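Encoded as structure tokens, the structure appears first; notes follow it.
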Amino acid sequence: MTRVIMHGCNGKMGQMISGLIAADDDIEIVAGVDMSDHIRNTYPVFKSIAECDAKADVVIDFCAAAAVDALLDYCVEKQVPCVLCTTGLSQAQLEHVGEAAKKVAILKSANMSLGINMLLKILKEAAKALVPAGFDIEIVEKHHNLKQDAPSGTALALADSINEEFDNSYEYVYDRSQKRQKRAEKEIGISAVRGGTIVGDHDVIFAGEDEVITFSHRAYSKALFGKGAVQAAKFLKGKPAGRYDMKDVIGSMED
């Protein structure tokens, strides 16, 4: 049995994961953390992670970026591994994640879905063939109107996956409105759309001369992210200190 602290338990993802775990005999939530108390849960809920005294094997985090630093400090102090799903972290916070991972297991993935993580792998192969042939790269991501960070962490991960194949020599361009010049050769354009209840759409466009190849991923429900987080929590239980991601989870499922 994997015992979980649900960090951000009363948010939409926190409640979805609570429902998924309630139906799973191999994992349970022993405590939740959330500033909001408008929902009655079957487990105790604390206002902050520092107040939480529950014994757990792993923390699943779907909260706000402002709460991540305190969470990392808690996980290091208590030696509790963490599935870190919150996006929009600052550079300083990303460095904090790296330091924490030297002392406790941290699994951080820009996107918890199996499909996106397969796409990350596919894009590397596609880029190696298409970029030398002169194809330009553009990424368009679409999300619901409540999402606060832009571009999405997933869009950046897709760009990074391609950029890594070329020694990170490509520049990311987020806004062309201030530039009156032609597109540079070594750039990846990243555009964000916010509207309605779009769960998450990502298009990676390779535009060449007289032809365009588009790799697309559509998320129709947030449940796919919750299922990935639950699987990641089971995987991370008992793991030694270090950085992990969904590729490690997928690899363990294939073994």
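Letters A, B, ... go to the chains of the structure tokens in the order shown; residues in each chain start at 1; ligands are counted from 1 in the same order.
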Selection near A:Gln15, 12 Å with only C-alpha atoms, sequence-local residues under 3 positions removed, as number ranges by chain: A: 6-12, 18-22, 29, 32-34, 38-43, 60-63, 222-223, 226
Non-local contacts of stretch 91-105 of chain A (12 Å; only C-alpha atoms; under 5 positions in same chain excluded) as JSON, numbers by chain: {"A": [57, 58, 59, 65, 66, 67, 68, 69, 70, 71, 72, 73, 74, 75, 76, 77, 78, 79, 80, 81, 82, 83, 84, 85, 86, 232, 233, 235, 236, 237, 238, 239, 240, 241, 242, 243, 244, 245]}
Closest of A:Ala133, A:Ala192, A:Ala157, A:Val173 to A:Met112 - atom-to-atom distances counting only C-alpha atoms: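 Under the stated criterion, the closest residue is A:Ala157.
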Proximity to A:Arg3 - best of A:Lys147, A:Lys247, A:Lys47, A:Lys234, only C-alpha atoms: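 Using only C-alpha atoms, the shortest distance to A:Arg3 belongs to A:Lys234.
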For A:Ile137, the nearest of the candidates A:Glu187, A:Asp26, A:Asp160, A:Glu125, counting only C-alpha atoms: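 The shortest atom-to-atom distance to A:Ile137 comes from A:Glu187.
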Residue among A:Ile162, A:Asp37, A:Val30, A:Ser177 lying closest to A:Asp53, counting only C-alpha atoms: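 Answer, going by the shortest atom-to-atom distance: A:Val30.
Of the listed residues (A:Met1, A:Ile213, A:Ile139, A:Met16), A:Met16 comes nearest to A:Lys227; the distances count only C-alpha atoms.
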A:Ala126 environment, 10 Å, only C-alpha atoms, sequence neighbours closer than 2 positions dropped, as a ChimeraX atom specification: /A:121-124,128-131,162,206,213,215
Dump as a CSV table (one decimal), in the first residue's frame, selection limited to all heavy atoms:
chain,number,residue,atom,x,y,z
A,121,LYS,N,9.6,11.8,-27.2
A,121,LYS,CA,10.5,10.8,-27.8
A,121,LYS,C,10.5,10.9,-29.3
A,121,LYS,O,11.5,10.9,-30.0
A,121,LYS,CB,10.2,9.4,-27.3
A,121,LYS,CG,11.2,8.4,-27.8
A,121,LYS,CD,10.9,7.0,-27.2
A,121,LYS,CE,11.8,5.9,-27.7
A,121,LYS,NZ,11.5,4.6,-27.1
A,122,ILE,N,9.3,10.9,-29.9
A,122,ILE,CA,9.1,10.9,-31.3
A,122,ILE,C,9.7,12.2,-31.9
A,122,ILE,O,10.3,12.2,-33.0
A,122,ILE,CB,7.6,10.8,-31.6
A,122,ILE,CG1,7.1,9.4,-31.3
A,122,ILE,CG2,7.3,11.1,-33.1
A,122,ILE,CD1,5.6,9.2,-31.3
A,123,LEU,N,9.5,13.3,-31.2
A,123,LEU,CA,9.9,14.6,-31.8
A,123,LEU,C,11.4,14.6,-32.0
A,123,LEU,O,11.9,15.3,-32.9
A,123,LEU,CB,9.5,15.7,-30.9
A,123,LEU,CG,8.0,16.1,-30.9
A,123,LEU,CD1,7.7,17.2,-29.9
A,123,LEU,CD2,7.6,16.6,-32.3
A,124,LYS,N,12.2,14.0,-31.1
A,124,LYS,CA,13.6,13.9,-31.2
A,124,LYS,C,14.0,13.3,-32.6
A,124,LYS,O,14.9,13.8,-33.3
A,124,LYS,CB,14.2,13.2,-30.1
A,124,LYS,CG,14.2,13.9,-28.7
A,124,LYS,CD,14.8,13.1,-27.6
A,124,LYS,CE,14.9,13.8,-26.3
A,124,LYS,NZ,15.8,14.9,-26.3
A,128,LYS,N,15.6,15.4,-36.0
A,128,LYS,CA,16.9,15.0,-36.6
A,128,LYS,C,16.9,14.8,-38.1
A,128,LYS,O,17.8,15.1,-38.8
A,128,LYS,CB,17.4,13.7,-35.9
A,128,LYS,CG,18.0,13.9,-34.5
A,128,LYS,CD,18.7,12.6,-34.0
A,128,LYS,CE,17.8,11.5,-33.7
A,128,LYS,NZ,18.5,10.4,-33.0
A,129,ALA,N,15.7,14.4,-38.6
A,129,ALA,CA,15.6,14.3,-40.0
A,129,ALA,C,15.1,15.6,-40.7
A,129,ALA,O,15.6,15.9,-41.8
A,129,ALA,CB,14.5,13.2,-40.3
A,130,LEU,N,14.2,16.3,-40.1
A,130,LEU,CA,13.6,17.4,-40.7
A,130,LEU,C,14.3,18.8,-40.6
A,130,LEU,O,14.4,19.5,-41.6
A,130,LEU,CB,12.2,17.6,-40.2
A,130,LEU,CG,11.2,16.5,-40.4
A,130,LEU,CD1,9.9,16.7,-39.7
A,130,LEU,CD2,10.9,16.2,-41.9
A,131,VAL,N,14.9,19.0,-39.5
A,131,VAL,CA,15.6,20.3,-39.3
A,131,VAL,C,16.8,20.5,-40.3
A,131,VAL,O,16.9,21.5,-40.9
A,131,VAL,CB,16.1,20.5,-37.9
A,131,VAL,CG1,17.1,21.6,-37.7
A,131,VAL,CG2,14.9,20.7,-36.9
A,162,ILE,N,13.2,18.9,-28.6
A,162,ILE,CA,13.8,19.2,-29.9
A,162,ILE,C,15.2,19.9,-29.8
A,162,ILE,O,16.2,19.5,-30.4
A,162,ILE,CB,12.9,20.0,-30.8
A,162,ILE,CG1,11.6,19.3,-31.0
A,162,ILE,CG2,13.6,20.5,-32.1
A,162,ILE,CD1,10.5,20.1,-31.6
A,206,PHE,N,6.3,21.4,-38.1
A,206,PHE,CA,7.5,21.4,-38.9
A,206,PHE,C,7.1,21.9,-40.3
A,206,PHE,O,6.5,21.2,-41.1
A,206,PHE,CB,8.2,20.0,-39.0
A,206,PHE,CG,8.8,19.6,-37.7
A,206,PHE,CD1,8.0,18.8,-36.8
A,206,PHE,CD2,10.1,19.8,-37.4
A,206,PHE,CE1,8.5,18.4,-35.6
A,206,PHE,CE2,10.6,19.4,-36.2
A,206,PHE,CZ,9.9,18.7,-35.3
A,213,ILE,N,4.4,19.3,-41.7
A,213,ILE,CA,4.2,18.1,-40.9
A,213,ILE,C,3.8,18.6,-39.5
A,213,ILE,O,4.6,19.4,-38.9
A,213,ILE,CB,5.4,17.2,-40.9
A,213,ILE,CG1,5.7,16.7,-42.3
A,213,ILE,CG2,5.1,16.0,-40.0
A,213,ILE,CD1,7.1,16.0,-42.3
A,215,PHE,N,2.6,17.4,-35.6
A,215,PHE,CA,2.4,16.4,-34.6
A,215,PHE,C,1.5,17.0,-33.5
A,215,PHE,O,1.7,18.1,-33.0
A,215,PHE,CB,3.7,16.0,-33.9
A,215,PHE,CG,4.7,15.3,-34.8
A,215,PHE,CD1,5.6,16.0,-35.6
A,215,PHE,CD2,4.7,13.9,-34.9
A,215,PHE,CE1,6.5,15.3,-36.4
A,215,PHE,CE2,5.6,13.2,-35.7
A,215,PHE,CZ,6.5,13.9,-36.5
Which of stretch 24-255 of chain A DSSP labels alpha helix (DSSP H), written as a PyMOL selection string: chain A and resi 68-78+91-100+114-130+153-163+223-236+246-254
